[in-house]
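J.: Quick one: structure below, then a few questions.
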Amino acid sequence: MLAETLRLAVQAIFRNALRSALTMLGIVIGVASVIAMVTVGRGSTEQVASDVRKLGTNVAIVVPGQGAMRGGPHVGTAPMFTLRINDAVEAGVAAVAVSAPISQTRERAIFGSANRMTEVVGTDNRYFEAARWQVAAGRLFEEGEVRAGRTLCILGETLRQALFGSGDPVGATIRIGALSCRVIGLLRSKGASTFGADQDDFVILPLAAFQRRIAGNSDVQTLYVSIREGAAVDAAREEITRLMRELRRIGPGEDDDFEVLDTRQFATMLTGITGILTGLLSAVAAVSLLVGGIGIMNIMLVSVTERTREIGIRLAIGAQARDVLAQFLIEAIILSMLGGVVGILAGLGLGLAGARMLSVPFAPDPLTVLVSFGFSALVGIIFGFFPARRAARMDPIEALRHE
Amino acid sequence: MAEPPVIVLERISRVYGTGEIAVRALDGIDLTVRAGEFIAIMGPSGSGKSTAMNVIGCLDTPSSGNYRFMGVEVAGLTRDQRALLRRHYIGFVFQGYNLLPRTSALQNVELPLIYRGRGRAERQKAALEALARVGLESRAAHDPGRLSGGQQQRVAIARALVGAPKIMLADEPTGNLDTRTSVEIMEMLRGLNREGGLTIVMVTHEPDMARYADRLIWMVDGRIARDEPTPGIA
Ligand SMILES: Nc1ncnc2c1ncn2[C@@H]1O[C@H](COP(=O)(O)OP(=O)(O)OP(=O)(O)O)[C@@H](O)[C@H]1O
Ligand SMILES: [Mg+2]
């Protein structure tokens with residue numbers, strides 16, 4: 001009997017192939033978008049994870065405020081750091097190998113007729129060590145140059161290309177906003193990071209030069225901390241936190257006004273962004289599944305009306321209400337499941353294309369595929385029920401008389 | 001008549017609507033049909049013939065009176081229980097054939113067996129046999145759209161026969177057929193009745209067709225005006 005009902009449903013669907021296809025469209029779009037998004041999202045997450053692995057587990061960043069990455073309550077109100085705090089962290093925590101002070105802003109860099117908005121960073125040689133930058137041409141700063149705050153600068157590869165093309169920048173004088181500075185070095189490219197962010201688009205000056213000539217203050221915005229090989233990251237974080245509380249005179253019971261982030265937290269944060277993205281698009285998908293479901297309900301209602309006579313015949317020759325209900329319900333479910341399958345295939349295709357485009361790994365999620373399929377079946381059940389019940393409740397005499 | 005009654009109608013009334021606009025389609029009908037009878041119902045339009053057939057066929061329930069079908073009181077049955085009676089004991093031949101469009105003759109005839117839960121092979125065998133009985137086995141694969149009116153009506157008869165029902169109900173089975181085809185159909189019904197012992201109740205407007213039955217019920221205004229043997233075929 002079930003086999004018979006299935007056969008009947010498939011027949012009915014293919015009898016009106018075009019209409020069935022249009023009916024499925026909503027479900028196809030909904031499922032395809034979920035699958036594509038999750039696939040690309042997971043690919044990005046994997047990419048982030050591998051990037052973070054490359055970055056090393058021994059890097060931590062100290063920033064003022066709380067929940068900086070999530071827009072927490074203290075952002076903007078917490079005082080900035082200073083060079084003194086940076087050096088105290090480096091000296092006072094045994095597990096810290098190097099702590100680099102960083103301040104940065106966006107400014108236009110100009111050379112001749114070429115210019116580019118770029119990241120202007122004030123720091124010292126410790127940053128190159130902590131972030132593993134290598135010199136491609138020229139040299140790094142000298143101790144005296146850093147202390148004196150000489151207006152010398154070191155370029156990232158992207159900025160070099162923008163200002164000098166393939167030419168040699170070392171020895172040239174560029175302008176950063178109103179400030180002139182001489183290029184003494186060029187760093188080796190690190191390439192694009194996850195989400196295609198360019199990691200080579202910057203110019204670096206000695207911290208004192210940045211503070212005096214560009215920022216006009218003596219703030220340090222970020223401590224870029226490298227933790228000794230073999231030291232426990234969690235313990236180091238705790239120690240940094242304790243020392244920072246002391247340095248910033250935070251009483252017992254008061255909240256931290258800074259945050260120590262290590263690479264695992266970056267990973268979590270980036271994954272969180274992907275999660276938000278996925279969540280958002282899932283909402284879109286849910287809406288289109290709903291729309292798809294309503295589409296199915298509509299078409300099934302039309303189909304039930306069109307086939308009133310057929311229903312009358314079936315009832316007259318002995319079909320019970322549940323037989324007719326099953327017939328139309330199964331038709332709706334098959335229709336929506338078919339939509340689900342087409343959507344899954346389309347979504348995997350789109351996911352593959354998207355992964356290629358963002359150059360992240362193609363990472364389809366079997367669970368999502370399964371759940372989408374289940375949801376499309378569920379849509380069929382929910383939205384097929386009302387039309388099917390209408391069919392099942394028909395009066396056979398009336399139905400037979402229907403023209 | 002020693003045969004047991006299949007149908008017993010006692011003071012059956014069927015009223016459509018209420019109050020001023022109430023229509024008494026059936027007004028106190030008494031009728032007993034025994035196994036093996038071939039009955040024709042005639043009467044002017046609106047006299048309640050179709051209503052009576054619907055009640056007899058357990059498609060409709062009477063407003064008052066008692067109806068026993070094979071000893072079962074139909075009034076107390078649910079919709080689904082009546083569907084089971086139709087499924088197992090009643091074969092319908094409708095006036096407009098009422099075959100499923102775009103469905104082969106064979107599949108149309110198989111339909112009642114699907115609801116009896118018969119397997120595919122068994123269904124096809126029985127359906128082919130039923131089509132053979134109406135002389136249409138060679139048209140098994142044809143859709144109704146490619147069959148003549150008489151052929152369609154014969155498919156409808158095969159569909160009514162396929163489940164070996166206790167009774168066949170035919171509401172104007174020759175209503176839209178020419179005389180020659182009508183005679184063919186009537187010959188067939190009479191054969192099924194005589195040789196197969198099938199109980200048949202048939203509504204017709206044509207006295208010539210009513211002659212094929214053994215007994216004629218004449219209805220007027222929802223009542224049975226006459227109940228008599230037919231003159232037989234001339
Ligand atoms: N669903 C209904 N609602 C209201 N009145 C109805 C309904 N069905 C039938 N009737 C009325 O009941 C009466 C008997 O109708 P019925 O169809 O039984 O007549 P009939 O003898 O079969 O007529 P015909 O020979 O034209 O087919 C008619 O007056 C008809 O108008
Ligand atoms: Mg009638």
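Residues in the structure tokens are named by chain (A, B, ... in the order shown) and by number from 1 within that chain; ligands are numbered from 1 in the order shown.
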Once you count only C-alpha atoms and all ligand atoms, which residues end up within 7 Å of ligand 2, and could you hand them over as an NGL selection string?
T.: :B and (49-50 or 171)
J.: Go ahead and write the selection's residues with N, CA, C and O atoms as a PDB file, in the first residue's frame.
T.:
ATOM      1  N   LYS B  49     -33.983   9.114  -7.529  1.00  0.00           N
ATOM      2  CA  LYS B  49     -33.309   7.867  -7.910  1.00  0.00           C
ATOM      3  C   LYS B  49     -31.840   7.871  -7.481  1.00  0.00           C
ATOM      4  O   LYS B  49     -31.364   6.927  -6.849  1.00  0.00           O
ATOM      5  N   SER B  50     -31.130   8.963  -7.829  1.00  0.00           N
ATOM      6  CA  SER B  50     -29.706   9.022  -7.482  1.00  0.00           C
ATOM      7  C   SER B  50     -29.524   9.065  -5.977  1.00  0.00           C
ATOM      8  O   SER B  50     -28.610   8.438  -5.433  1.00  0.00           O
ATOM      9  N   ASP B 171     -25.702   3.893 -11.857  1.00  0.00           N
ATOM     10  CA  ASP B 171     -26.608   5.037 -12.034  1.00  0.00           C
ATOM     11  C   ASP B 171     -26.524   5.498 -13.491  1.00  0.00           C
ATOM     12  O   ASP B 171     -25.548   6.098 -13.903  1.00  0.00           O
TER      13      ASP B 171
END
J.: Name the residues of stretch 80-119 of chain A that fall into strand (DSSP E) according to DSSP on the backbone, using the chain letters and numbers of this document, as an MDAnalysis selection string.
T.: chainID A and resid 96:111 114:119
J.: Quick one: which residues from chain B are at most 9 Å off chain A, using only C-alpha atoms, as a short mmCIF file (atom, residue, chain, number, x, y, z; two decimals) with N, CA and C atoms, in the first residue's frame?
T.:
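The resulting file, selection.cif, is shown below:
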data_model
loop_
_atom_site.label_atom_id
_atom_site.label_comp_id
_atom_site.auth_asym_id
_atom_site.auth_seq_id
_atom_site.Cartn_x
_atom_site.Cartn_y
_atom_site.Cartn_z
N ASN B 54 -27.29 6.54 -3.78
CA ASN B 54 -26.24 6.96 -2.85
C ASN B 54 -26.43 6.36 -1.47
N GLY B 57 -25.67 2.68 -1.74
CA GLY B 57 -24.24 2.48 -1.90
C GLY B 57 -23.41 2.93 -0.72
N CYS B 58 -24.07 3.30 0.38
CA CYS B 58 -23.37 3.73 1.60
C CYS B 58 -22.49 4.95 1.36
N LEU B 59 -22.81 5.73 0.32
CA LEU B 59 -22.10 6.99 0.12
C LEU B 59 -22.77 8.08 0.96
N ASP B 60 -24.04 7.89 1.21
CA ASP B 60 -24.85 8.88 1.92
C ASP B 60 -25.56 8.16 3.07
N ARG B 79 -17.94 7.24 8.83
CA ARG B 79 -17.56 7.48 7.46
C ARG B 79 -16.58 6.42 6.96
N ASP B 80 -15.56 6.16 7.78
CA ASP B 80 -14.53 5.19 7.38
C ASP B 80 -15.08 3.77 7.35
N GLN B 81 -16.01 3.46 8.26
CA GLN B 81 -16.60 2.12 8.24
C GLN B 81 -17.44 1.93 6.98
N ARG B 82 -18.14 2.99 6.59
CA ARG B 82 -18.91 2.89 5.34
C ARG B 82 -17.97 2.72 4.15
N ALA B 83 -16.81 3.40 4.21
CA ALA B 83 -15.81 3.23 3.14
C ALA B 83 -15.40 1.76 3.04
N LEU B 84 -15.28 1.11 4.20
CA LEU B 84 -14.89 -0.31 4.19
C LEU B 84 -15.97 -1.17 3.56
N LEU B 85 -17.25 -0.86 3.83
CA LEU B 85 -18.35 -1.60 3.19
C LEU B 85 -18.26 -1.46 1.67
N ARG B 86 -18.04 -0.21 1.22
CA ARG B 86 -17.94 0.02 -0.22
C ARG B 86 -16.75 -0.72 -0.80
N ARG B 87 -15.64 -0.67 -0.07
CA ARG B 87 -14.40 -1.27 -0.55
C ARG B 87 -14.60 -2.77 -0.79
N HIS B 88 -15.29 -3.43 0.13
CA HIS B 88 -15.32 -4.89 0.06
C HIS B 88 -16.57 -5.47 -0.61
N ILE B 90 -19.25 -3.42 -2.55
CA ILE B 90 -20.05 -2.67 -3.51
C ILE B 90 -19.22 -2.28 -4.72
N GLY B 91 -19.78 -2.50 -5.90
CA GLY B 91 -19.14 -2.03 -7.12
C GLY B 91 -19.99 -0.93 -7.75
N PHE B 92 -19.36 0.23 -8.03
CA PHE B 92 -20.11 1.35 -8.61
C PHE B 92 -19.82 1.49 -10.10
N ASN B 98 -16.45 8.14 -15.03
CA ASN B 98 -15.57 8.48 -13.92
C ASN B 98 -14.36 7.57 -13.82
N LEU B 99 -13.64 7.52 -14.93
CA LEU B 99 -12.34 6.84 -14.90
C LEU B 99 -11.27 7.89 -14.60
N LEU B 100 -10.14 7.45 -14.06
CA LEU B 100 -9.05 8.40 -13.82
C LEU B 100 -8.40 8.74 -15.16
N PRO B 101 -8.29 10.03 -15.45
CA PRO B 101 -7.66 10.42 -16.72
C PRO B 101 -6.17 10.09 -16.71
N LEU B 111 -7.60 -0.19 -9.41
CA LEU B 111 -7.77 0.76 -8.31
C LEU B 111 -8.44 0.20 -7.06
N PRO B 112 -9.61 -0.48 -7.18
CA PRO B 112 -10.27 -0.97 -5.96
C PRO B 112 -9.41 -1.98 -5.21
N ILE B 114 -6.18 -1.92 -4.96
CA ILE B 114 -5.13 -1.23 -4.21
C ILE B 114 -5.61 -1.00 -2.78
N TYR B 115 -6.87 -0.57 -2.66
CA TYR B 115 -7.38 -0.28 -1.32
C TYR B 115 -7.70 -1.55 -0.54
N ARG B 116 -7.66 -2.69 -1.23
CA ARG B 116 -7.79 -3.95 -0.50
C ARG B 116 -6.43 -4.51 -0.14
N GLY B 117 -5.38 -3.75 -0.48
CA GLY B 117 -4.04 -4.16 -0.09
C GLY B 117 -3.50 -5.34 -0.86
N ARG B 118 -4.04 -5.55 -2.09
CA ARG B 118 -3.53 -6.68 -2.88
C ARG B 118 -2.19 -6.31 -3.51
N GLY B 119 -1.34 -7.31 -3.70
CA GLY B 119 -0.04 -7.10 -4.33
C GLY B 119 -0.18 -6.76 -5.80
N ARG B 120 0.85 -6.24 -6.37
CA ARG B 120 0.82 -5.74 -7.72
C ARG B 120 0.50 -6.84 -8.74
N ALA B 160 -15.83 -2.07 -11.49
CA ALA B 160 -16.82 -2.42 -10.48
C ALA B 160 -16.80 -3.92 -10.18
#
J.: Using only C-alpha atoms and all ligand atoms, what table do you get, as CSV, when you list each residue of chain B with an atom no more than 7 Å from ligand 1, its nearest pair of atoms, and their distance in Å rounded to one decimal, rows by chain then rising number?
T.:
residue,atom,partner,partner_atom_place_in_ligand_line,distance
B:Tyr16,CA,ligand 1,4 (C),4.8
B:Gly17,CA,ligand 1,4 (C),6.5
B:Val23,CA,ligand 1,5 (N),6.0
B:Arg24,CA,ligand 1,12 (O),6.7
B:Ala25,CA,ligand 1,12 (O),4.1
B:Gly43,CA,ligand 1,21 (O),6.5
B:Pro44,CA,ligand 1,25 (O),5.9
B:Ser45,CA,ligand 1,25 (O),3.5
B:Gly46,CA,ligand 1,19 (O),3.4
B:Ser47,CA,ligand 1,21 (O),4.0
B:Gly48,CA,ligand 1,18 (O),3.1
B:Lys49,CA,ligand 1,21 (O),3.7
B:Ser50,CA,ligand 1,22 (O),3.6
B:Thr51,CA,ligand 1,18 (O),3.7
B:Ala52,CA,ligand 1,18 (O),6.4
J.: Please dump the current selection as a JSON list (two decimals), in the first residue's frame; keep all heavy atoms.
T.:
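Writing the result to selection.json gives the following:
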[["chain", "number", "residue", "atom", "x", "y", "z"],
["B", 16, "TYR", "N", -32.84, 17.17, 2.30],
["B", 16, "TYR", "CA", -31.76, 18.14, 2.11],
["B", 16, "TYR", "C", -32.20, 19.47, 2.66],
["B", 16, "TYR", "O", -33.33, 19.91, 2.41],
["B", 16, "TYR", "CB", -31.43, 18.31, 0.62],
["B", 16, "TYR", "CG", -30.73, 17.11, 0.00],
["B", 16, "TYR", "CD1", -31.38, 16.32, -0.93],
["B", 16, "TYR", "CD2", -29.42, 16.81, 0.36],
["B", 16, "TYR", "CE1", -30.73, 15.23, -1.51],
["B", 16, "TYR", "CE2", -28.77, 15.71, -0.21],
["B", 16, "TYR", "CZ", -29.43, 14.94, -1.14],
["B", 16, "TYR", "OH", -28.80, 13.87, -1.70],
["B", 17, "GLY", "N", -31.33, 20.15, 3.42],
["B", 17, "GLY", "CA", -31.67, 21.47, 3.96],
["B", 17, "GLY", "C", -32.66, 21.36, 5.10],
["B", 17, "GLY", "O", -33.11, 20.26, 5.47],
["B", 23, "VAL", "N", -35.77, 19.91, 1.18],
["B", 23, "VAL", "CA", -36.22, 19.08, 0.07],
["B", 23, "VAL", "C", -36.24, 17.63, 0.55],
["B", 23, "VAL", "O", -35.25, 17.11, 1.02],
["B", 23, "VAL", "CB", -35.25, 19.21, -1.14],
["B", 23, "VAL", "CG1", -35.69, 18.26, -2.26],
["B", 23, "VAL", "CG2", -35.20, 20.64, -1.63],
["B", 24, "ARG", "N", -37.43, 17.00, 0.42],
["B", 24, "ARG", "CA", -37.52, 15.59, 0.78],
["B", 24, "ARG", "C", -37.19, 14.76, -0.43],
["B", 24, "ARG", "O", -38.08, 14.39, -1.20],
["B", 24, "ARG", "CB", -38.94, 15.28, 1.24],
["B", 24, "ARG", "CG", -39.13, 15.36, 2.75],
["B", 24, "ARG", "CD", -40.54, 14.93, 3.10],
["B", 24, "ARG", "NE", -40.78, 14.28, 4.36],
["B", 24, "ARG", "CZ", -39.99, 14.07, 5.37],
["B", 24, "ARG", "NH1", -38.78, 14.42, 5.33],
["B", 24, "ARG", "NH2", -40.41, 13.50, 6.46],
["B", 25, "ALA", "N", -35.91, 14.45, -0.64],
["B", 25, "ALA", "CA", -35.49, 13.70, -1.83],
["B", 25, "ALA", "C", -35.98, 12.26, -1.74],
["B", 25, "ALA", "O", -36.34, 11.65, -2.74],
["B", 25, "ALA", "CB", -33.98, 13.74, -1.98],
["B", 43, "GLY", "N", -38.04, 6.67, -13.13],
["B", 43, "GLY", "CA", -38.82, 7.74, -12.54],
["B", 43, "GLY", "C", -38.43, 9.07, -13.14],
["B", 43, "GLY", "O", -37.36, 9.20, -13.73],
["B", 44, "PRO", "N", -39.29, 10.08, -13.00],
["B", 44, "PRO", "CA", -38.98, 11.39, -13.57],
["B", 44, "PRO", "C", -37.76, 12.00, -12.90],
["B", 44, "PRO", "O", -37.36, 11.60, -11.82],
["B", 44, "PRO", "CB", -40.24, 12.23, -13.28],
["B", 44, "PRO", "CG", -41.09, 11.42, -12.39],
["B", 44, "PRO", "CD", -40.57, 10.03, -12.31],
["B", 45, "SER", "N", -37.20, 12.96, -13.60],
["B", 45, "SER", "CA", -36.03, 13.65, -13.06],
["B", 45, "SER", "C", -36.38, 14.30, -11.73],
["B", 45, "SER", "O", -37.44, 14.89, -11.57],
["B", 45, "SER", "CB", -35.57, 14.71, -14.07],
["B", 45, "SER", "OG", -34.35, 15.24, -13.67],
["B", 46, "GLY", "N", -35.50, 14.17, -10.77],
["B", 46, "GLY", "CA", -35.72, 14.76, -9.45],
["B", 46, "GLY", "C", -36.57, 13.90, -8.55],
["B", 46, "GLY", "O", -36.92, 14.31, -7.44],
["B", 47, "SER", "N", -36.88, 12.69, -8.98],
["B", 47, "SER", "CA", -37.74, 11.85, -8.15],
["B", 47, "SER", "C", -36.97, 11.14, -7.04],
["B", 47, "SER", "O", -37.56, 10.46, -6.22],
["B", 47, "SER", "CB", -38.46, 10.82, -9.04],
["B", 47, "SER", "OG", -37.51, 10.05, -9.75],
["B", 48, "GLY", "N", -35.64, 11.27, -7.03],
["B", 48, "GLY", "CA", -34.86, 10.72, -5.91],
["B", 48, "GLY", "C", -34.12, 9.45, -6.23],
["B", 48, "GLY", "O", -33.61, 8.78, -5.33],
["B", 49, "LYS", "N", -33.98, 9.11, -7.53],
["B", 49, "LYS", "CA", -33.31, 7.87, -7.91],
["B", 49, "LYS", "C", -31.84, 7.87, -7.48],
["B", 49, "LYS", "O", -31.36, 6.93, -6.85],
["B", 49, "LYS", "CB", -33.39, 7.67, -9.44],
["B", 49, "LYS", "CG", -34.81, 7.70, -9.98],
["B", 49, "LYS", "CD", -34.83, 7.46, -11.47],
["B", 49, "LYS", "CE", -34.16, 8.58, -12.29],
["B", 49, "LYS", "NZ", -34.89, 9.86, -12.23],
["B", 50, "SER", "N", -31.13, 8.96, -7.83],
["B", 50, "SER", "CA", -29.71, 9.02, -7.48],
["B", 50, "SER", "C", -29.52, 9.06, -5.98],
["B", 50, "SER", "O", -28.61, 8.44, -5.43],
["B", 50, "SER", "CB", -29.06, 10.25, -8.12],
["B", 50, "SER", "OG", -29.06, 10.13, -9.52],
["B", 51, "THR", "N", -30.40, 9.80, -5.31],
["B", 51, "THR", "CA", -30.32, 9.86, -3.84],
["B", 51, "THR", "C", -30.46, 8.46, -3.25],
["B", 51, "THR", "O", -29.70, 8.07, -2.36],
["B", 51, "THR", "CB", -31.42, 10.79, -3.30],
["B", 51, "THR", "OG1", -31.32, 12.05, -3.98],
["B", 51, "THR", "CG2", -31.28, 10.99, -1.81],
["B", 52, "ALA", "N", -31.41, 7.70, -3.80],
["B", 52, "ALA", "CA", -31.61, 6.33, -3.31],
["B", 52, "ALA", "C", -30.37, 5.49, -3.55],
["B", 52, "ALA", "O", -29.94, 4.73, -2.68],
["B", 52, "ALA", "CB", -32.83, 5.71, -4.01]]
J.: With only C-alpha atoms as the basis for distance, which of A:Pro79, A:Gly384, A:Gly295, A:Gly122 is at the shortest distance from A:Thr105?
T.: A:Gly122
J.: So that I can check the surroundings of B:Ala40, please list as a ChimeraX atom specification every protein, DNA and RNA residue that reaches within 7 Å of it, counting only C-alpha atoms and ignoring chain neighbours fewer than 4 positions away.
T.: /B:201-204,210,213,215-217
J.: Separation of atom CA of A:Gln221 and atom CA of A:Ala208, in Å?
T.: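 The value is 13.2 Å.
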J.: List as a PyMOL selection string the protein and nucleic acid residues near A:Leu345, meaning an atom at most 10 Å away when only C-alpha atoms are counted, but skip any in the same chain fewer than 5 places from it.
T.: chain A and resi 28+31-32+35-36+339-340+350-351+369
J.: As a list in words, please: the residues near stretch 362-366 of chain A (cut-off 8 Å, only C-alpha atoms, same-chain neighbours under 3 positions excluded).
T.: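 In the requested format, the answer is Ile35, Val38, Thr39, Val40, Arg42, Gly43, Leu348, Gly351, Leu352, Ala355, Arg356, Val369 and Leu370 of chain A.
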J.: Take the selection from the previous step and output its residues with N, CA and C atoms, as a PDB file, in the first residue's frame.
T.:
ATOM      1  N   ILE A  35      23.431  25.174   2.665  1.00  0.00           N
ATOM      2  CA  ILE A  35      24.560  24.269   2.400  1.00  0.00           C
ATOM      3  C   ILE A  35      25.773  25.060   1.914  1.00  0.00           C
ATOM      4  N   VAL A  38      27.251  27.181   4.858  1.00  0.00           N
ATOM      5  CA  VAL A  38      27.933  26.378   5.873  1.00  0.00           C
ATOM      6  C   VAL A  38      29.237  25.814   5.303  1.00  0.00           C
ATOM      7  N   THR A  39      29.170  25.405   4.048  1.00  0.00           N
ATOM      8  CA  THR A  39      30.371  24.845   3.425  1.00  0.00           C
ATOM      9  C   THR A  39      31.496  25.885   3.379  1.00  0.00           C
ATOM     10  N   VAL A  40      31.145  27.089   2.888  1.00  0.00           N
ATOM     11  CA  VAL A  40      32.154  28.144   2.804  1.00  0.00           C
ATOM     12  C   VAL A  40      32.602  28.560   4.205  1.00  0.00           C
ATOM     13  N   ARG A  42      32.669  26.795   6.953  1.00  0.00           N
ATOM     14  CA  ARG A  42      33.568  25.794   7.538  1.00  0.00           C
ATOM     15  C   ARG A  42      34.937  25.837   6.881  1.00  0.00           C
ATOM     16  N   GLY A  43      34.937  26.084   5.586  1.00  0.00           N
ATOM     17  CA  GLY A  43      36.208  26.216   4.887  1.00  0.00           C
ATOM     18  C   GLY A  43      37.022  27.361   5.468  1.00  0.00           C
ATOM     19  N   LEU A 348      26.057  22.389  -2.618  1.00  0.00           N
ATOM     20  CA  LEU A 348      27.422  21.871  -2.636  1.00  0.00           C
ATOM     21  C   LEU A 348      28.195  22.477  -3.807  1.00  0.00           C
ATOM     22  N   GLY A 351      28.935  25.990  -2.895  1.00  0.00           N
ATOM     23  CA  GLY A 351      29.944  25.967  -1.839  1.00  0.00           C
ATOM     24  C   GLY A 351      31.327  25.732  -2.423  1.00  0.00           C
ATOM     25  N   LEU A 352      31.384  24.829  -3.387  1.00  0.00           N
ATOM     26  CA  LEU A 352      32.667  24.530  -4.032  1.00  0.00           C
ATOM     27  C   LEU A 352      33.179  25.771  -4.756  1.00  0.00           C
ATOM     28  N   ALA A 355      34.271  28.356  -2.212  1.00  0.00           N
ATOM     29  CA  ALA A 355      35.525  27.988  -1.561  1.00  0.00           C
ATOM     30  C   ALA A 355      36.692  28.286  -2.496  1.00  0.00           C
ATOM     31  N   ARG A 356      36.492  27.982  -3.771  1.00  0.00           N
ATOM     32  CA  ARG A 356      37.540  28.270  -4.758  1.00  0.00           C
ATOM     33  C   ARG A 356      37.808  29.770  -4.806  1.00  0.00           C
ATOM     34  N   VAL A 369      23.989  18.773   5.809  1.00  0.00           N
ATOM     35  CA  VAL A 369      23.319  18.159   4.662  1.00  0.00           C
ATOM     36  C   VAL A 369      22.137  17.322   5.154  1.00  0.00           C
ATOM     37  N   LEU A 370      22.411  16.541   6.192  1.00  0.00           N
ATOM     38  CA  LEU A 370      21.381  15.665   6.744  1.00  0.00           C
ATOM     39  C   LEU A 370      20.216  16.480   7.308  1.00  0.00           C
TER      40      LEU A 370
END
J.: Hey, what's within 6 Å of stretch 157-167 of chain A if we count only C-alpha atoms and toss same-chain stuff fewer than 6 positions away? As a PyMOL selection string, please?
T.: chain A and resi 111+114+189+200-201
J.: Of the candidates B:Ile29, B:Pro165, B:Leu9, B:Trp218, which one gets nearest to B:Glu73 if we count only C-alpha atoms?
T.: B:Leu9
J.: Name all residues at most 8 Å from A:Leu140 (count only C-alpha atoms; drop same-chain ones fewer than 4 positions away) and give them as a list in words.
T.: Asn125, Val135, Ile154, Ile184 and Gly185 of chain A
J.: In Å, with one decimal, what is the gap from atom CA of A:Leu207 to atom CA of A:Leu186?
T.: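 Those two atoms sit 17.5 Å apart.
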J.: Restricting the calculation to only C-alpha atoms: of A:Val34, A:Ile294, A:Cys153, A:Ile227, which residue gets closest to A:Ile382?
T.: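 Among the listed residues, the smallest separation from A:Ile382 belongs to A:Ile294.
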J.: Output as a ChimeraX atom specification all residues of stretch 45-218 of chain B that backbone DSSP marks as alpha helix (DSSP H).
T.: /B:49-56,79-89,105-114,120-133,149-161,179-196,207-210
